[in-house]
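Notes for the one structure printed next.
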Amino acid sequence: MAQTETATQSAEARKTSGDKIDFKMITFSLAGKEYGIDIMSVKEIAKAGRFTYVPNAAPFVRGVYNLRGDIISVIDLRTFFHLPAERKEEDALESLLILRIDEHVFGVIVDGIDKVVAISSAGIQPPHPIFGDINVKFIKGIVENSGKLYIILDAAMIFAPSKAAEEAVHAEKPKVVPPVLVEPAREERAAPLAQAGEDVGASFVRESLAALKGFHITDLNELWFQRRYSEWRVVRKNEVQIREPSDAETFLEDFWSPSSGMLLSPDFADSLERILPGNESKTLNVWNPGCGKGYETWSLAVILRRRYPDSRVKIWANDSDLLAISMAPNMVFPDKVPDYYAEYMTTGRNGQTFIQHIRDSIFFEFHDILNTNSLPPLDIVVCRDLLSLLAPVDQRRLLDDFSDKLKPAGILVLGSNEVPGSGWRSAGSGAVSAFCKE
């Protein structure tokens with residue numbers, strides 16, 4: 001009887017709301033049941049294992065995990081909720097949801113991760129013990145979608161400070177947090193909602209790229225997304241939903257700029273060299289954030305030496321990948337490099353390295369681009385593809401930072417499918433996406 005009333009209420013709510021899609025969640029399974037969690041709480045998903053054991057930790061704490069240099073705590077939700085879990089080998093990979101709660105990042109282990117589901121918040125019903133095997137204080141609500149009943153977890157309550165958790169445990173009636181639309185402060189960190197007249201599938205793809213790969217669609221890359229989504233619909237025969245990281249990687253295949261992860265091709269290097277401005281000063285200051293292993297930076301050093309033979313070139317090359325940035329200064333090329341770079345290299349026992357004059361022009365250092373820095377006024381900023389992997393609010397802040405740091409005649413080089421928007425004018429050609437301040 002209770003289930004019939006709930007279904008009726010849900011139908012009425014959908015009828016009243018007009019099935020407005022305003023809530024999205026990542027769905028996953030625990031002990032054979034379907035669960036969901038607000039997509040705004042999900043930073044990314046991963047497969048991971050070999051967590052570092054933490055002595056004297058609670059039983060549900062599997063340990064800590066190194067997430068690209070950040071050490072995060074990993075919680076096994078099955079143990080936390082006293083649910084059965086399949087026994088696996090110690091080094092077996094687990095399905096991991098990486099959650100961001102306020103300023104903290106956690107990993108949570110689940111049985112399996114399914115897909116992104118978009119629903120109307122009006123169809124979410126208050127939690128009730130009949131629907132789950134877990135305490136209702138951790139449930140945000142219940143919703144039915146495509147014949148499945150999803151239990152929506154309250155991530156903030158699961159990771160609430162101990163005092164709040166104790167209050168919830170001892171309260172006479174558990175406080176039910178009603179499902180609400182995304183608060184403005186959180187909405188800025190998310191991919192934008194569907195454009196006017198856009199189909200729901202495109203909105204799903206936007207949210208999925210942000211949740212699964214940390215790739216955010218904004219004005220910066222909107223033109224590319226519209227073209228790519230049109231192709232995607234044809235290839236997928238309108239089955240456009242992105243369910244797994246591999247789907248997202250396929251969607252993003254033609255986004256990345258030429259020569260990513262390698263020395264820039266001679267054609268691209270020539271194109272970049274041709275659009276660089278004249279320089280009358282004795283020093284040329286260049287910033288290359290997100291330099292990775294250093295291929296792009298070494299290429300830049302040669303391009304700039306060819307373009308400005310009489311200037312002292314200084315390149316600040318930063319990355320937040322500690323392993324990559326620590327290896328970049330000592331890069332050795334065992335195979336033959338393009339002739340474009342050959343005269344700037346010397347051959348040693350293990351392969352080719354760049355000559356000392358080129359090496360002296362680069363300052364490799366570990367740095368998170370979201371943190372402040374003290375760079376001097378810049379002539380050139382090269383930041384290809386990195387901005388699209390940042391939240392919208394951070395994209396805007398960094399574009400403002402680039403504008404502030406660049407000299408009046410300075411050049412900003414972005415990814416081939418990135419456009420900075422107002423305040424900038426094109427200064428590139430062909431594959432080089434370069435801009436000057438207006």
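Each chain in the structure tokens gets a letter, A, B, ..., in the order shown, and its residues are numbered from 1; ligands are numbered from 1 in order too.
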
Surrounding residues of stretch 424-432 of chain A excluding itself and chain neighbours under 3 positions, 12 Å, only C-alpha atoms, as a ChimeraX atom specification: /A:220,256-259,264-265,267-277,382-384,399-400,402-403,406,408-421,435-438

task: Tell me which protein, DNA and RNA residues are within 7 Å of A:Arg206, counting only C-alpha atoms, leaving out same-chain ones fewer than 3 positions away, and put them as a list in words.
output: Ala191, Ala202, Ser203, Leu209, Ala210 and Ile217 of chain A

Write a file of the selected residues as a PDB file, in the first residue's frame, keeping N, CA and C atoms.
ATOM      1  N   ALA A 191      29.824  21.805 -15.013  1.00  0.00           N
ATOM      2  CA  ALA A 191      29.622  22.121 -16.419  1.00  0.00           C
ATOM      3  C   ALA A 191      28.274  22.806 -16.565  1.00  0.00           C
ATOM      4  N   ALA A 202      22.578  15.928 -25.047  1.00  0.00           N
ATOM      5  CA  ALA A 202      23.757  16.794 -25.012  1.00  0.00           C
ATOM      6  C   ALA A 202      24.066  17.217 -23.586  1.00  0.00           C
ATOM      7  N   SER A 203      23.015  17.482 -22.818  1.00  0.00           N
ATOM      8  CA  SER A 203      23.217  17.832 -21.406  1.00  0.00           C
ATOM      9  C   SER A 203      23.844  16.679 -20.651  1.00  0.00           C
ATOM     10  N   LEU A 209      31.101  14.130 -19.139  1.00  0.00           N
ATOM     11  CA  LEU A 209      32.506  14.491 -19.372  1.00  0.00           C
ATOM     12  C   LEU A 209      33.105  15.138 -18.126  1.00  0.00           C
ATOM     13  N   ALA A 210      32.301  15.962 -17.457  1.00  0.00           N
ATOM     14  CA  ALA A 210      32.797  16.611 -16.237  1.00  0.00           C
ATOM     15  C   ALA A 210      32.995  15.597 -15.119  1.00  0.00           C
ATOM     16  N   ILE A 217      32.655  21.676 -20.356  1.00  0.00           N
ATOM     17  CA  ILE A 217      32.214  22.409 -21.536  1.00  0.00           C
ATOM     18  C   ILE A 217      31.756  23.795 -21.114  1.00  0.00           C
TER      19      ILE A 217
END

Taken to one decimal, the atom CA of A:Glu207-atom CA of A:Gln226 distance is 14.5 Å

- Query: What are the DSSP strand (DSSP E or B) residues of stretch 73-160 of chain A, as a ChimeraX atom specification?
  - Reply: /A:73-76,94-101,104-110,112-119,125,139-145,148-153

For stretch 365-371 of chain A, find every residue with an atom within 8 Å (counting only C-alpha atoms), except residues of its own chain fewer than 2 positions away, and show them as JSON, numbers by chain. {"A": [289, 290, 316, 317, 318, 319, 320, 321, 322, 325, 326, 363, 373, 394, 398]}

Check your understanding: What does the distance between atom CA of A:Pro392 and atom CA of A:Ile124 come to in Å, to one decimal place?
Key ->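 Computed distance, atom CA of A:Pro392 to atom CA of A:Ile124, equals 28.1 Å.
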
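Distances from A:Gly32, A:Gly107, A:Pro126, A:Gly201 to A:Asp70 were compared using only C-alpha atoms, and the smallest one belongs to A:Gly107.
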
query: Using only C-alpha atoms, which residues sit within 6 Å of A:Phe138 once same-chain residues fewer than 6 positions away are excluded, as a ChimeraX atom specification?
result: /A:153-154,157

Original post:
Could you pull the residues within 10 Å of A:Asn350, counting only C-alpha atoms, minus those fewer than 5 positions along the same chain, as a PyMOL selection string?
Top reply: chain A and resi 332-335

| task | With a distance cut-off of 12 Å and only C-alpha atoms, select the neighbouring residues of A:Glu253, excluding the residue or stretch itself and same-chain residues fewer than 4 positions from it, and output the selection as a PyMOL selection string. | result | chain A and resi 224-225+228+232+246-249+257-258+260+417

Write the residues of the preceding selection, restricted to N, CA and C atoms, as a PDB file, in the first residue's frame.
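Output saved as part37.pdb:
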ATOM      1  N   TRP A 224      33.605  23.650 -30.424  1.00  0.00           N
ATOM      2  CA  TRP A 224      34.074  22.283 -30.674  1.00  0.00           C
ATOM      3  C   TRP A 224      33.028  21.269 -30.210  1.00  0.00           C
ATOM      4  N   PHE A 225      32.443  21.502 -29.025  1.00  0.00           N
ATOM      5  CA  PHE A 225      31.480  20.538 -28.483  1.00  0.00           C
ATOM      6  C   PHE A 225      30.279  20.389 -29.407  1.00  0.00           C
ATOM      7  N   ARG A 228      31.359  18.278 -32.350  1.00  0.00           N
ATOM      8  CA  ARG A 228      31.648  16.894 -31.953  1.00  0.00           C
ATOM      9  C   ARG A 228      30.375  16.156 -31.552  1.00  0.00           C
ATOM     10  N   TRP A 232      28.858  12.700 -32.944  1.00  0.00           N
ATOM     11  CA  TRP A 232      28.626  11.635 -31.966  1.00  0.00           C
ATOM     12  C   TRP A 232      27.232  11.027 -32.136  1.00  0.00           C
ATOM     13  N   SER A 246      35.934   5.130 -20.853  1.00  0.00           N
ATOM     14  CA  SER A 246      36.364   4.838 -22.224  1.00  0.00           C
ATOM     15  C   SER A 246      35.473   5.549 -23.241  1.00  0.00           C
ATOM     16  N   ASP A 247      34.169   5.681 -22.946  1.00  0.00           N
ATOM     17  CA  ASP A 247      33.274   6.437 -23.831  1.00  0.00           C
ATOM     18  C   ASP A 247      33.697   7.899 -23.876  1.00  0.00           C
ATOM     19  N   ALA A 248      34.005   8.445 -22.706  1.00  0.00           N
ATOM     20  CA  ALA A 248      34.421   9.845 -22.639  1.00  0.00           C
ATOM     21  C   ALA A 248      35.719  10.066 -23.398  1.00  0.00           C
ATOM     22  N   GLU A 249      36.653   9.131 -23.278  1.00  0.00           N
ATOM     23  CA  GLU A 249      37.930   9.250 -23.993  1.00  0.00           C
ATOM     24  C   GLU A 249      37.708   9.237 -25.501  1.00  0.00           C
ATOM     25  N   SER A 257      45.159  18.988 -28.753  1.00  0.00           N
ATOM     26  CA  SER A 257      45.962  19.738 -29.719  1.00  0.00           C
ATOM     27  C   SER A 257      47.018  18.865 -30.390  1.00  0.00           C
ATOM     28  N   PRO A 258      47.510  19.280 -31.562  1.00  0.00           N
ATOM     29  CA  PRO A 258      48.551  18.508 -32.259  1.00  0.00           C
ATOM     30  C   PRO A 258      49.806  18.345 -31.408  1.00  0.00           C
ATOM     31  N   SER A 260      50.457  16.576 -28.831  1.00  0.00           N
ATOM     32  CA  SER A 260      50.334  16.455 -27.377  1.00  0.00           C
ATOM     33  C   SER A 260      51.177  15.282 -26.892  1.00  0.00           C
ATOM     34  N   ASN A 417      41.267  23.779 -29.965  1.00  0.00           N
ATOM     35  CA  ASN A 417      39.801  23.877 -29.921  1.00  0.00           C
ATOM     36  C   ASN A 417      39.323  24.749 -28.778  1.00  0.00           C
TER      37      ASN A 417
END

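For the set A:Val105, A:Ala48, A:Leu390, A:Ala434, the residue with the smallest atom-to-atom gap to A:Phe215 is A:Leu390, counting only C-alpha atoms.
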
Practice item. Pick out the residues sitting within 8 Å of stretch 93-102 of chain A, and hand them over as a PyMOL selection string; count only C-alpha atoms, and ignore anything fewer than 6 positions along from it in its own chain. Key: chain A and resi 41-50+108-113+155-156+159

For those residues, write C-alpha atoms to a file as a PDB file, in the first residue's frame.
ATOM      1  CA  SER A  41      29.712  15.753  -5.327  1.00  0.00           C
ATOM      2  CA  VAL A  42      31.605  13.516  -7.770  1.00  0.00           C
ATOM      3  CA  LYS A  43      35.048  14.726  -8.840  1.00  0.00           C
ATOM      4  CA  GLU A  44      35.854  11.661 -10.963  1.00  0.00           C
ATOM      5  CA  ILE A  45      35.650   7.874 -11.047  1.00  0.00           C
ATOM      6  CA  ALA A  46      38.550   5.444 -11.060  1.00  0.00           C
ATOM      7  CA  LYS A  47      39.726   1.867 -10.736  1.00  0.00           C
ATOM      8  CA  ALA A  48      42.280   1.516  -7.961  1.00  0.00           C
ATOM      9  CA  GLY A  49      43.852  -0.967  -5.586  1.00  0.00           C
ATOM     10  CA  ARG A  50      46.806  -1.445  -3.239  1.00  0.00           C
ATOM     11  CA  VAL A 108      34.629   5.558  -1.728  1.00  0.00           C
ATOM     12  CA  ILE A 109      34.619   1.934  -2.845  1.00  0.00           C
ATOM     13  CA  VAL A 110      31.424   0.516  -4.386  1.00  0.00           C
ATOM     14  CA  ASP A 111      30.581  -2.750  -6.160  1.00  0.00           C
ATOM     15  CA  GLY A 112      30.184  -1.197  -9.602  1.00  0.00           C
ATOM     16  CA  ILE A 113      29.644   2.192 -11.255  1.00  0.00           C
ATOM     17  CA  ALA A 155      27.300  12.440   0.727  1.00  0.00           C
ATOM     18  CA  ALA A 156      27.521  15.450   3.039  1.00  0.00           C
ATOM     19  CA  PHE A 159      31.278  12.629   5.679  1.00  0.00           C
TER      20      PHE A 159
END

Min atom-atom distance to A:Leu263 from the set A:Ile26, A:Val116, A:Val302, A:Ile158, counting only C-alpha atoms, belongs to A:Val302

Q. Which residue out of A:Ser361, A:Ile139, A:Phe251, A:Thr346 has the minimum interatomic distance to A:Ile303 when only C-alpha atoms are used?
A.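 Result for the nearest residue to A:Ile303: A:Ser361.
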